[in-house]
$ cat input_10.txt   # compact mmCIF, C-alpha atoms and all ligand atoms
# COMPACT_ATOMS: atom_id res chain seq x y z
CA MET A 1 -39.81 -66.16 -74.47
CA ILE A 2 -43.07 -65.62 -72.59
CA ASN A 3 -43.66 -67.92 -69.61
CA GLU A 4 -47.13 -68.22 -68.21
CA ILE A 5 -48.61 -69.46 -64.94
CA GLN A 6 -52.32 -70.10 -64.79
CA SER A 7 -54.37 -69.18 -61.74
CA ASN A 8 -58.07 -69.93 -61.11
CA THR A 9 -59.36 -67.12 -63.26
CA TYR A 10 -56.37 -65.37 -64.83
CA ALA A 11 -52.83 -65.81 -66.06
CA VAL A 12 -49.51 -64.44 -64.84
CA PHE A 13 -47.22 -63.68 -67.79
CA PHE A 14 -43.45 -63.31 -67.55
CA ASP A 15 -42.89 -61.08 -70.48
CA LYS A 16 -39.95 -58.76 -71.10
CA SER A 17 -41.42 -57.60 -74.42
CA LEU A 18 -44.87 -56.86 -72.97
CA LYS A 19 -46.26 -58.56 -76.08
CA ALA A 20 -48.67 -60.54 -73.90
CA LEU A 21 -50.05 -57.25 -72.59
CA GLU A 22 -50.45 -55.95 -76.12
CA ASP A 23 -52.39 -59.11 -77.04
CA PHE A 24 -54.51 -58.81 -73.92
CA LEU A 25 -55.49 -55.23 -74.75
CA GLU A 26 -56.23 -56.14 -78.36
CA THR A 27 -58.51 -58.99 -77.43
CA HIS A 28 -60.45 -57.09 -74.75
CA SER A 29 -62.48 -54.15 -75.88
CA TYR A 30 -62.32 -51.76 -72.94
CA SER A 31 -64.25 -48.52 -73.21
CA LYS A 32 -61.47 -46.61 -71.46
CA ILE A 33 -58.03 -47.39 -70.08
CA PHE A 34 -56.60 -45.76 -66.95
CA ILE A 35 -53.01 -46.14 -65.85
CA LEU A 36 -52.27 -45.72 -62.13
CA THR A 37 -48.67 -44.85 -61.20
CA ASP A 38 -46.85 -43.19 -58.38
CA ARG A 39 -44.35 -40.40 -59.04
CA ASN A 40 -41.43 -42.85 -59.32
CA THR A 41 -43.09 -45.41 -61.53
CA GLY A 42 -44.44 -42.54 -63.63
CA GLU A 43 -40.84 -41.46 -64.17
CA TYR A 44 -39.07 -44.83 -64.51
CA CYS A 45 -41.63 -47.38 -65.65
CA LEU A 46 -44.21 -45.53 -67.73
CA PRO A 47 -41.60 -44.70 -70.44
CA VAL A 48 -40.67 -48.40 -70.62
CA LEU A 49 -44.33 -49.30 -71.05
CA ARG A 50 -44.89 -46.62 -73.69
CA LYS A 51 -41.83 -47.74 -75.63
CA ALA A 52 -42.91 -51.39 -75.58
CA LEU A 53 -46.49 -50.51 -76.52
CA PRO A 54 -46.35 -47.50 -78.85
CA THR A 55 -49.95 -48.17 -79.86
CA LEU A 56 -51.16 -47.57 -76.31
CA THR A 57 -51.83 -43.86 -76.59
CA ASN A 58 -55.43 -43.56 -75.60
CA TYR A 59 -55.39 -43.64 -71.80
CA ASP A 60 -55.81 -41.34 -68.82
CA LEU A 61 -53.04 -41.19 -66.25
CA ILE A 62 -53.67 -41.15 -62.51
CA GLU A 63 -50.56 -40.44 -60.48
CA ILE A 64 -50.28 -40.55 -56.68
CA ASP A 65 -47.47 -39.82 -54.23
CA PRO A 66 -45.22 -42.81 -53.55
CA GLY A 67 -44.94 -44.60 -50.21
CA GLU A 68 -46.80 -46.78 -47.71
CA GLU A 69 -48.02 -43.67 -45.84
CA ASN A 70 -50.21 -42.94 -48.86
CA LYS A 71 -51.86 -46.36 -49.06
CA ASN A 72 -54.92 -44.88 -47.39
CA ILE A 73 -58.50 -43.79 -47.95
CA ASP A 74 -57.55 -40.21 -48.91
CA PHE A 75 -55.51 -41.36 -51.87
CA CYS A 76 -58.12 -43.95 -52.70
CA ILE A 77 -60.78 -41.22 -52.83
CA GLY A 78 -58.42 -39.31 -55.12
CA ILE A 79 -58.31 -42.31 -57.48
CA TRP A 80 -62.10 -42.77 -57.38
CA LYS A 81 -62.57 -39.04 -58.12
CA MET A 82 -60.25 -39.18 -61.11
CA LEU A 83 -62.09 -42.24 -62.45
CA LEU A 84 -65.36 -40.38 -62.03
CA ASP A 85 -64.09 -37.13 -63.57
CA PHE A 86 -62.60 -38.96 -66.56
CA GLY A 87 -65.87 -40.82 -67.14
CA ALA A 88 -64.90 -44.37 -66.19
CA ASP A 89 -67.72 -46.83 -66.78
CA ARG A 90 -68.07 -50.51 -65.93
CA LYS A 91 -66.22 -51.49 -69.08
CA SER A 92 -63.15 -49.47 -68.14
CA LEU A 93 -59.80 -50.99 -67.23
CA LEU A 94 -57.40 -49.85 -64.53
CA LEU A 95 -53.79 -50.78 -65.21
CA ASN A 96 -51.74 -50.65 -62.00
CA LEU A 97 -48.13 -49.83 -62.83
CA GLY A 98 -46.05 -49.87 -59.67
CA GLY A 99 -44.98 -51.63 -56.51
CA GLY A 100 -47.16 -53.27 -53.90
CA VAL A 101 -48.62 -49.96 -52.75
CA ILE A 102 -49.95 -49.28 -56.25
CA THR A 103 -51.14 -52.86 -56.88
CA ASP A 104 -52.89 -52.95 -53.46
CA ILE A 105 -54.58 -49.53 -53.58
CA GLY A 106 -55.26 -49.71 -57.32
CA GLY A 107 -56.78 -53.17 -56.95
CA PHE A 108 -58.93 -51.90 -54.08
CA ALA A 109 -60.05 -48.76 -55.91
CA ALA A 110 -60.97 -50.81 -59.00
CA SER A 111 -62.72 -53.55 -57.04
CA THR A 112 -65.04 -51.02 -55.38
CA PHE A 113 -65.57 -48.38 -58.09
CA LYS A 114 -69.09 -48.82 -59.51
CA ARG A 115 -69.03 -52.16 -57.58
CA GLY A 116 -66.05 -53.33 -59.54
CA ILE A 117 -64.21 -52.64 -62.77
CA ASP A 118 -61.47 -54.77 -64.33
CA PHE A 119 -57.87 -54.21 -63.33
CA ILE A 120 -54.55 -55.69 -64.34
CA GLN A 121 -51.27 -55.66 -62.44
CA LEU A 122 -47.94 -54.54 -63.91
CA PRO A 123 -45.70 -54.91 -60.86
CA THR A 124 -42.47 -52.93 -60.97
CA THR A 125 -40.71 -53.85 -57.70
CA LEU A 126 -39.28 -57.23 -56.81
CA LEU A 127 -41.70 -57.44 -53.90
CA SER A 128 -44.73 -56.81 -56.05
CA GLN A 129 -43.52 -59.19 -58.78
CA VAL A 130 -42.95 -62.13 -56.44
CA ASP A 131 -45.84 -61.53 -54.06
CA ALA A 132 -48.17 -58.50 -54.03
CA SER A 133 -49.46 -58.61 -57.61
CA VAL A 134 -50.60 -62.23 -57.40
CA GLY A 135 -53.51 -63.64 -55.41
CA GLY A 136 -56.09 -60.86 -55.32
CA LYS A 137 -55.58 -59.34 -51.87
CA THR A 138 -56.32 -55.65 -52.40
CA GLY A 139 -56.43 -53.01 -49.72
CA ILE A 140 -55.44 -49.92 -47.81
CA ASP A 141 -54.22 -49.12 -44.30
CA MET A 142 -56.29 -47.22 -41.70
CA ASP A 143 -55.13 -45.66 -38.42
CA GLY A 144 -51.74 -47.22 -39.08
CA VAL A 145 -53.17 -50.74 -39.17
CA LYS A 146 -51.95 -52.60 -42.23
CA ASN A 147 -54.41 -53.61 -44.97
CA ILE A 148 -57.34 -53.36 -42.61
CA ILE A 149 -59.79 -52.35 -45.33
CA GLY A 150 -59.77 -54.44 -48.49
CA THR A 151 -61.25 -57.08 -50.74
CA PHE A 152 -60.30 -60.37 -52.30
CA THR A 153 -60.62 -59.51 -55.97
CA GLN A 154 -58.58 -61.20 -58.66
CA PRO A 155 -56.95 -59.15 -61.41
CA LYS A 156 -57.78 -59.97 -65.03
CA ALA A 157 -54.08 -60.67 -65.65
CA VAL A 158 -50.62 -59.99 -64.26
CA PHE A 159 -47.68 -59.04 -66.50
CA ILE A 160 -44.24 -59.39 -64.96
CA ASN A 161 -41.36 -57.67 -66.73
CA SER A 162 -38.16 -58.16 -64.74
CA GLN A 163 -36.55 -55.31 -66.69
CA PHE A 164 -38.47 -52.86 -64.53
CA LEU A 165 -36.19 -53.88 -61.66
CA ALA A 166 -33.18 -52.17 -63.27
CA THR A 167 -34.06 -48.80 -61.69
CA LEU A 168 -34.81 -50.19 -58.23
CA ASP A 169 -32.29 -49.59 -55.45
CA ARG A 170 -30.66 -52.42 -53.51
CA LYS A 171 -32.64 -51.76 -50.33
CA GLN A 172 -35.90 -52.26 -52.24
CA ILE A 173 -34.55 -55.40 -53.90
CA ILE A 174 -33.63 -56.93 -50.55
CA SER A 175 -37.03 -55.97 -49.13
CA GLY A 176 -38.67 -57.98 -51.92
CA PHE A 177 -36.19 -60.77 -51.35
CA ALA A 178 -37.61 -61.24 -47.83
CA GLU A 179 -40.88 -62.46 -49.34
CA MET A 180 -38.93 -64.90 -51.57
CA VAL A 181 -37.16 -66.25 -48.50
CA LYS A 182 -40.60 -66.61 -46.91
CA HIS A 183 -41.77 -68.66 -49.92
CA GLY A 184 -38.84 -71.05 -49.48
CA LEU A 185 -39.34 -71.31 -45.73
CA ILE A 186 -43.04 -72.13 -45.92
CA TYR A 187 -43.10 -74.33 -49.03
CA ASP A 188 -39.81 -75.45 -50.55
CA LYS A 189 -36.63 -76.14 -48.61
CA GLY A 190 -34.60 -76.59 -51.81
CA TYR A 191 -35.66 -73.13 -52.96
CA PHE A 192 -34.71 -71.64 -49.57
CA GLU A 193 -31.26 -73.17 -49.96
CA THR A 194 -30.88 -72.02 -53.56
CA LEU A 195 -31.76 -68.45 -52.59
CA GLN A 196 -28.71 -68.33 -50.33
CA GLY A 197 -26.50 -68.09 -53.41
CA VAL A 198 -28.43 -65.31 -55.15
CA ASP A 199 -26.70 -62.26 -56.61
CA PHE A 200 -28.73 -59.14 -55.75
CA SER A 201 -27.30 -57.11 -58.59
CA ALA A 202 -29.27 -59.19 -61.11
CA ILE A 203 -32.06 -61.36 -59.74
CA ASP A 204 -32.59 -64.20 -62.18
CA GLU A 205 -36.13 -64.45 -63.53
CA THR A 206 -36.14 -68.16 -62.65
CA TYR A 207 -36.39 -67.22 -58.98
CA ILE A 208 -39.20 -64.75 -59.59
CA ILE A 209 -41.05 -67.50 -61.43
CA ARG A 210 -40.49 -70.01 -58.61
CA SER A 211 -41.85 -67.57 -56.02
CA VAL A 212 -44.91 -66.85 -58.14
CA GLU A 213 -45.45 -70.60 -58.62
CA ILE A 214 -45.44 -71.09 -54.85
CA LYS A 215 -47.71 -68.14 -54.14
CA ASN A 216 -50.05 -69.10 -56.97
CA ASP A 217 -50.21 -72.71 -55.82
CA VAL A 218 -51.33 -71.63 -52.37
CA VAL A 219 -53.83 -68.96 -53.39
CA THR A 220 -55.35 -71.15 -56.09
CA LYS A 221 -56.14 -73.75 -53.43
CA ASP A 222 -57.48 -71.16 -50.97
CA PRO A 223 -58.23 -67.80 -52.64
CA THR A 224 -59.97 -66.19 -49.65
CA GLU A 225 -57.74 -67.37 -46.80
CA LYS A 226 -60.08 -69.80 -45.11
CA GLY A 227 -57.10 -72.00 -44.17
CA LEU A 228 -53.97 -72.85 -46.17
CA ARG A 229 -53.43 -69.31 -47.48
CA LYS A 230 -52.56 -68.23 -43.93
CA ILE A 231 -49.11 -69.76 -44.44
CA LEU A 232 -48.29 -66.83 -46.75
CA ASN A 233 -48.61 -64.75 -43.61
CA PHE A 234 -45.63 -66.37 -41.88
CA GLY A 235 -43.63 -63.53 -40.29
CA HIS A 236 -46.49 -61.06 -40.72
CA THR A 237 -48.28 -61.14 -37.33
CA ILE A 238 -45.25 -59.63 -35.62
CA GLY A 239 -43.82 -58.16 -38.85
CA HIS A 240 -46.90 -56.03 -39.58
CA ALA A 241 -46.91 -54.76 -35.97
CA ILE A 242 -43.27 -53.75 -36.32
CA GLU A 243 -43.96 -52.15 -39.71
CA SER A 244 -46.91 -50.14 -38.34
CA TYR A 245 -44.88 -49.05 -35.33
CA SER A 246 -41.98 -48.00 -37.52
CA LEU A 247 -44.26 -46.08 -39.91
CA ALA A 248 -45.68 -44.14 -36.97
CA HIS A 249 -42.39 -43.39 -35.19
CA ASP A 250 -39.32 -43.51 -37.43
CA SER A 251 -38.13 -40.80 -39.79
CA PHE A 252 -37.00 -43.54 -42.18
CA PRO A 253 -39.53 -46.31 -41.59
CA LEU A 254 -38.78 -49.93 -42.29
CA LEU A 255 -39.86 -51.24 -45.69
CA HIS A 256 -42.44 -54.02 -45.71
CA GLY A 257 -39.89 -56.79 -46.37
CA GLU A 258 -37.52 -55.40 -43.74
CA ALA A 259 -40.25 -55.57 -41.11
CA ILE A 260 -41.29 -59.05 -42.24
CA ALA A 261 -37.67 -60.15 -41.81
CA VAL A 262 -37.88 -59.14 -38.12
CA GLY A 263 -41.21 -60.96 -37.92
CA MET A 264 -39.81 -64.11 -39.53
CA ILE A 265 -37.00 -64.34 -36.95
CA CYS A 266 -39.46 -63.89 -34.06
CA GLU A 267 -41.96 -66.32 -35.56
CA ALA A 268 -39.23 -68.88 -36.29
CA TYR A 269 -38.55 -68.71 -32.55
CA LEU A 270 -42.24 -69.38 -31.85
CA SER A 271 -42.09 -72.20 -34.40
CA HIS A 272 -39.28 -73.75 -32.37
CA ARG A 273 -41.15 -73.36 -29.08
CA LEU A 274 -44.57 -74.46 -30.32
CA ASN A 275 -44.33 -76.30 -33.63
CA ASN A 276 -41.31 -78.60 -33.48
CA LEU A 277 -38.99 -76.48 -35.61
CA SER A 278 -35.61 -77.86 -34.56
CA LEU A 279 -33.04 -75.70 -32.82
CA ASN A 280 -30.67 -76.27 -35.74
CA GLU A 281 -33.24 -74.99 -38.21
CA LEU A 282 -34.12 -72.02 -35.98
CA ASN A 283 -30.43 -71.10 -35.89
CA GLU A 284 -30.13 -71.55 -39.65
CA VAL A 285 -33.12 -69.30 -40.39
CA THR A 286 -31.98 -66.65 -37.90
CA ALA A 287 -28.39 -66.64 -39.11
CA TYR A 288 -29.38 -66.34 -42.76
CA ILE A 289 -31.90 -63.53 -42.25
CA ARG A 290 -29.31 -61.75 -40.08
CA THR A 291 -26.90 -61.72 -43.04
CA LEU A 292 -29.52 -59.97 -45.19
CA PHE A 293 -30.89 -57.34 -42.83
CA PRO A 294 -29.44 -55.06 -40.17
CA ALA A 295 -31.07 -55.16 -36.74
CA TYR A 296 -34.12 -53.11 -35.93
CA VAL A 297 -33.55 -51.81 -32.42
CA PHE A 298 -36.59 -51.66 -30.13
CA ASN A 299 -37.05 -52.28 -26.42
CA HIS A 300 -39.76 -53.44 -24.02
CA SER A 301 -41.30 -49.99 -23.80
CA ILE A 302 -43.01 -50.50 -27.18
CA ASP A 303 -44.38 -53.99 -26.50
CA ASP A 304 -47.85 -52.67 -25.55
CA GLN A 305 -48.05 -50.77 -28.83
CA LEU A 306 -46.95 -53.84 -30.78
CA PHE A 307 -49.70 -55.85 -29.06
CA GLU A 308 -52.31 -53.24 -29.96
CA TYR A 309 -51.36 -53.76 -33.61
CA MET A 310 -51.24 -57.56 -33.29
CA LEU A 311 -54.74 -57.54 -31.78
CA ASN A 312 -55.93 -56.34 -35.22
CA ASP A 313 -54.34 -59.19 -37.15
CA LYS A 314 -56.81 -60.79 -39.54
CA LYS A 315 -55.82 -64.32 -38.46
CA ASN A 316 -57.05 -63.71 -34.90
CA THR A 317 -60.08 -65.42 -33.37
CA ASP A 318 -61.87 -64.50 -30.13
CA GLY A 319 -59.18 -61.98 -29.23
CA LYS A 320 -56.45 -64.64 -29.54
CA ILE A 321 -53.48 -63.70 -31.71
CA GLY A 322 -53.06 -66.02 -34.69
CA PHE A 323 -49.84 -67.20 -36.28
CA ALA A 324 -48.63 -69.36 -39.14
CA LEU A 325 -45.59 -71.29 -37.87
CA LEU A 326 -42.91 -73.45 -39.45
CA ALA A 327 -42.95 -77.15 -38.59
CA ARG A 328 -39.65 -77.44 -40.45
CA ILE A 329 -37.94 -75.48 -43.21
CA GLY A 330 -40.19 -75.92 -46.24
CA HIS A 331 -43.37 -76.67 -44.30
CA CYS A 332 -45.68 -74.30 -42.46
CA THR A 333 -48.91 -74.84 -40.50
CA PHE A 334 -51.54 -72.32 -39.42
CA ASP A 335 -54.08 -71.46 -36.69
CA HIS A 336 -51.59 -71.34 -33.86
CA TYR A 337 -52.89 -69.01 -31.15
CA VAL A 338 -50.16 -67.69 -28.91
CA GLU A 339 -50.26 -66.11 -25.44
CA ARG A 340 -48.73 -62.72 -24.83
CA ALA A 341 -45.94 -64.07 -22.57
CA LEU A 342 -44.62 -66.29 -25.34
CA ILE A 343 -44.85 -63.52 -27.91
CA VAL A 344 -42.76 -61.33 -25.57
CA GLU A 345 -40.27 -64.21 -25.36
CA ALA A 346 -40.06 -64.19 -29.16
CA LEU A 347 -39.46 -60.42 -29.20
CA ASP A 348 -36.80 -60.94 -26.51
CA TYR A 349 -35.15 -63.60 -28.64
CA TYR A 350 -34.84 -61.06 -31.47
CA ARG A 351 -33.63 -58.37 -29.06
CA SER A 352 -30.99 -60.71 -27.68
CA LEU A 353 -29.31 -61.22 -31.03
CA GLU A 354 -26.22 -59.23 -31.68
CA LEU A 355 -26.98 -57.70 -35.02
CA LYS A 356 -25.45 -55.05 -37.16
CA THR A 357 -27.78 -52.04 -36.79
CA TYR A 358 -29.35 -49.75 -39.39
CA ASP A 359 -27.13 -46.63 -39.79
N1 LIG B 401 -51.51 -57.90 -51.76
C1 LIG B 401 -50.53 -58.71 -51.39
O1 LIG B 401 -50.64 -59.95 -51.50
C2 LIG B 401 -49.26 -58.14 -50.86
C3 LIG B 401 -48.14 -58.96 -50.70
C4 LIG B 401 -46.97 -58.41 -50.21
C5 LIG B 401 -46.91 -57.04 -49.92
N2 LIG B 401 -48.00 -56.26 -50.11
C6 LIG B 401 -47.94 -54.80 -49.87
O2 LIG B 401 -47.01 -54.26 -50.79
C7 LIG B 401 -46.53 -53.02 -50.27
C8 LIG B 401 -45.02 -52.95 -50.47
O3 LIG B 401 -44.75 -53.00 -51.84
P1 LIG B 401 -43.36 -52.49 -52.43
O4 LIG B 401 -42.26 -53.01 -51.63
O5 LIG B 401 -43.40 -52.76 -53.87
O6 LIG B 401 -43.43 -50.94 -52.12
P2 LIG B 401 -43.82 -49.64 -52.97
O7 LIG B 401 -44.97 -49.88 -53.84
O8 LIG B 401 -43.91 -48.55 -51.97
O9 LIG B 401 -42.54 -49.43 -53.90
C9 LIG B 401 -41.32 -49.12 -53.30
C10 LIG B 401 -40.70 -47.82 -53.86
O10 LIG B 401 -40.13 -48.10 -55.13
C11 LIG B 401 -40.62 -47.17 -56.11
N3 LIG B 401 -40.62 -47.91 -57.36
C12 LIG B 401 -41.49 -48.84 -57.77
N4 LIG B 401 -41.05 -49.43 -58.89
C13 LIG B 401 -39.88 -48.83 -59.21
C14 LIG B 401 -38.95 -49.04 -60.25
N5 LIG B 401 -39.11 -50.00 -61.14
N6 LIG B 401 -37.85 -48.25 -60.27
C15 LIG B 401 -37.65 -47.31 -59.32
N7 LIG B 401 -38.50 -47.08 -58.30
C16 LIG B 401 -39.59 -47.85 -58.24
C17 LIG B 401 -41.96 -46.76 -55.58
O11 LIG B 401 -42.34 -45.52 -56.09
C18 LIG B 401 -41.71 -46.71 -54.08
O12 LIG B 401 -41.10 -45.49 -53.74
C19 LIG B 401 -46.93 -52.98 -48.82
O13 LIG B 401 -48.00 -52.09 -48.68
C20 LIG B 401 -47.38 -54.40 -48.53
O14 LIG B 401 -48.35 -54.43 -47.51
C21 LIG B 401 -49.17 -56.78 -50.57
O1 LIG B 402 -51.12 -63.08 -50.12
C1 LIG B 402 -51.20 -63.33 -48.92
O2 LIG B 402 -52.10 -64.00 -48.45
C2 LIG B 402 -50.17 -62.82 -47.99
O3 LIG B 402 -50.34 -62.93 -46.79
C3 LIG B 402 -48.97 -62.18 -48.58
C4 LIG B 402 -48.28 -61.18 -47.67
O4 LIG B 402 -46.91 -61.15 -48.09
C5 LIG B 402 -48.80 -59.76 -47.81
O5 LIG B 402 -48.00 -58.88 -47.08
C6 LIG B 402 -50.27 -59.54 -47.53
O6 LIG B 402 -50.68 -58.26 -47.94
C7 LIG B 402 -50.60 -59.64 -46.06
O7 LIG B 402 -51.97 -59.75 -45.94
P1 LIG B 402 -52.78 -59.43 -44.62
O8 LIG B 402 -54.05 -60.18 -44.81
O9 LIG B 402 -51.99 -59.91 -43.44
O10 LIG B 402 -52.98 -57.97 -44.58
ZN ZN B 403 -45.90 -59.48 -47.12

$ encode --input "input_10.txt" --output "structure tokens" --more "lines below"
Ligand SMILES: NC(=O)c1ccc[n+]([C@@H]2O[C@H](COP(=O)([O-])OP(=O)(O)OC[C@H]3O[C@@H](n4cnc5c(N)ncnc54)[C@H](O)[C@@H]3O)[C@@H](O)[C@H]2O)c1
Ligand SMILES: O=C(O)C(=O)C[C@@H](O)[C@H](O)[C@H](O)COP(=O)(O)O
Ligand SMILES: [Zn+2]
Amino acid sequence: MINEIQSNTYAVFFDKSLKALEDFLETHSYSKIFILTDRNTGEYCLPVLRKALPTLTNYDLIEIDPGEENKNIDFCIGIWKMLLDFGADRKSLLLNLGGGVITDIGGFAASTFKRGIDFIQLPTTLLSQVDASVGGKTGIDMDGVKNIIGTFTQPKAVFINSQFLATLDRKQIISGFAEMVKHGLIYDKGYFETLQGVDFSAIDETYIIRSVEIKNDVVTKDPTEKGLRKILNFGHTIGHAIESYSLAHDSFPLLHGEAIAVGMICEAYLSHRLNNLSLNELNEVTAYIRTLFPAYVFNHSIDDQLFEYMLNDKKNTDGKIGFALLARIGHCTFDHYVERALIVEALDYYRSLELKTYD
């Protein structure tokens, strides 16, 4: 069965057969089709796509190295060059087959090439299925700052095939799960509670659909983050700073969802201090996230560096650092500007927890 969620300008299909994709390609006459993969999705996901769509033979493949460290302008130039060399025109289609790195950089490359060509998202990680492929935020990192260059450009369609997740390791699954937890925390307490019983060895498609419904609801109301959409950034002001720091300093950097989990604990603390989140709910959020993720160990000596990153957050105004904070589980508000001393208190709260550490 193919489920479908409608956004402002496109549809998200939940489609294990990829029949909806076949129909899409048949009804759109693209002059050329390009498939963007990274080395892993080229190996694991492209064969699944080719098997499901044996008629899709006429395409050019663009493959980049996997990993957040490659979501940058150099790889983007590589994609633009390939499009140019292979003769992409304005009626070409870029099909992004991969995780959030591929859907972000591919979306950005397509939205800027010849001032914009069509792209579709075929997300292959849990994180990209529940979050990154939907909503039209495209982008790349620069100087270690997350997503600092980018556009709001909607894809022509998103095709979610949960079978892609079969080759994903547990760490990646749990990283994606962090964004699902975020969806429950900001929008739907019942969903947050349901997620606590989820079996990671086989994530039910119902949950993926619920997360996409929540994300789609928010971005449909506010596609370009003038207000409400900022709630999708809960956990990200501090989380992105931690992610950037880890990318620059650790031999095995935190994954996006792992860093956002740290951010969600710190920002739940701020929610308690500034936005009426009750102590009980703060403890509930902290305890649950602690069961999912080991501790990330960092001390005061890196606080200045974390602040440098936070000063680049896109929710900031007039040099004040912006946050989306929970008012209660299931409800989040935005445009909270927080002083450094309180942010340090939130980092201290995280540091004070006795957590199992990463090995
Ligand atoms: N645009 C948005 O709204 C949005 C939302 C959330 C996150 N993001 C971005 O998404 C990125 C993180 O995405 P991610 O977690 O998918 O990371 P990722 O794209 O790096 O994928 C994780 C790893 O899994 C591999 N992989 C992908 N699919 C696979 C499969 N089916 N089987 C085996 N291996 C597979 C990839 O090659 C990579 O090594 C970050 O850059 C984050 O900033 C964007
Ligand atoms: O779609 C959104 O809006 C989000 O904030 C979703 C986040 O999970 C995602 O990580 C996003 O890329 C962060 O955006 P940014 O504007 O803080 O770079
Ligand atoms: Zn995120």

$ residues_around --input "input_10.txt" --residues "Gly176 (chain A)" --least-positions-apart "3" --cutoff "9 Å" --atoms "all atoms listed in the file" --output "count of residues only"
15

$ residues_around --input "input_10.txt" --residues "region 233-240 of chain A" --least-positions-apart "4" --cutoff "9 Å" --atoms "all atoms listed in the file" --output "number ranges by chain"
A: 145-146, 182, 185-186, 229, 244-245, 256-268, 306-307, 309-310, 313-315, 321-326, 332, 334, 343, 347

$ closest_residue --input "input_10.txt" --among "A:Asn316, A:Ser175, A:Ser92, A:Asn40" --to "ligand ZN 403 (chain B)" --atoms "only C-alpha atoms and all ligand atoms"
A:Ser175

$ atom_distance --input "input_10.txt" --atom1 "CA of Ile117 (chain A)" --atom2 "CA of Glu22 (chain A)"
19.5 Å

$ atom_distance --input "input_10.txt" --atom1 "CA of Val134 (chain A)" --atom2 "atom P1 of ligand LIG 401 (chain B)"
13.1 Å

$ atom_distance --input "input_10.txt" --atom1 "CA of Leu195 (chain A)" --atom2 "CA of Phe177 (chain A)"
9.0 Å

$ closest_residue --input "input_10.txt" --among "A:Glu63, A:Asp23, A:Glu69, A:Asp217" --to "Phe252 (chain A)" --atoms "only C-alpha atoms"
A:Glu69

$ residues_near_point --input "input_10.txt" --point "(-43.3, -55.6, -67.3)" --cutoff "8 Å" --atoms "all atoms listed in the file" --output "PyMOL selection string"
chain A and resi 14-18+49+122-124+159-164

$ axis_aligned_box --input "input_10.txt" --around "ligand LIG 401 (chain B)" --padding-each-side "3 Å" --output "JSON"
{"center_x": -44.6, "center_y": -52.7, "center_z": -54.3, "size_x": 19.9, "size_y": 20.5, "size_z": 19.6}

$ closest_residue --input "input_10.txt" --among "A:Gly184, A:Gly106, A:Gly136, A:Gly42" --to "ligand LIG 402 (chain B)" --atoms "all atoms listed in the file"
A:Gly136
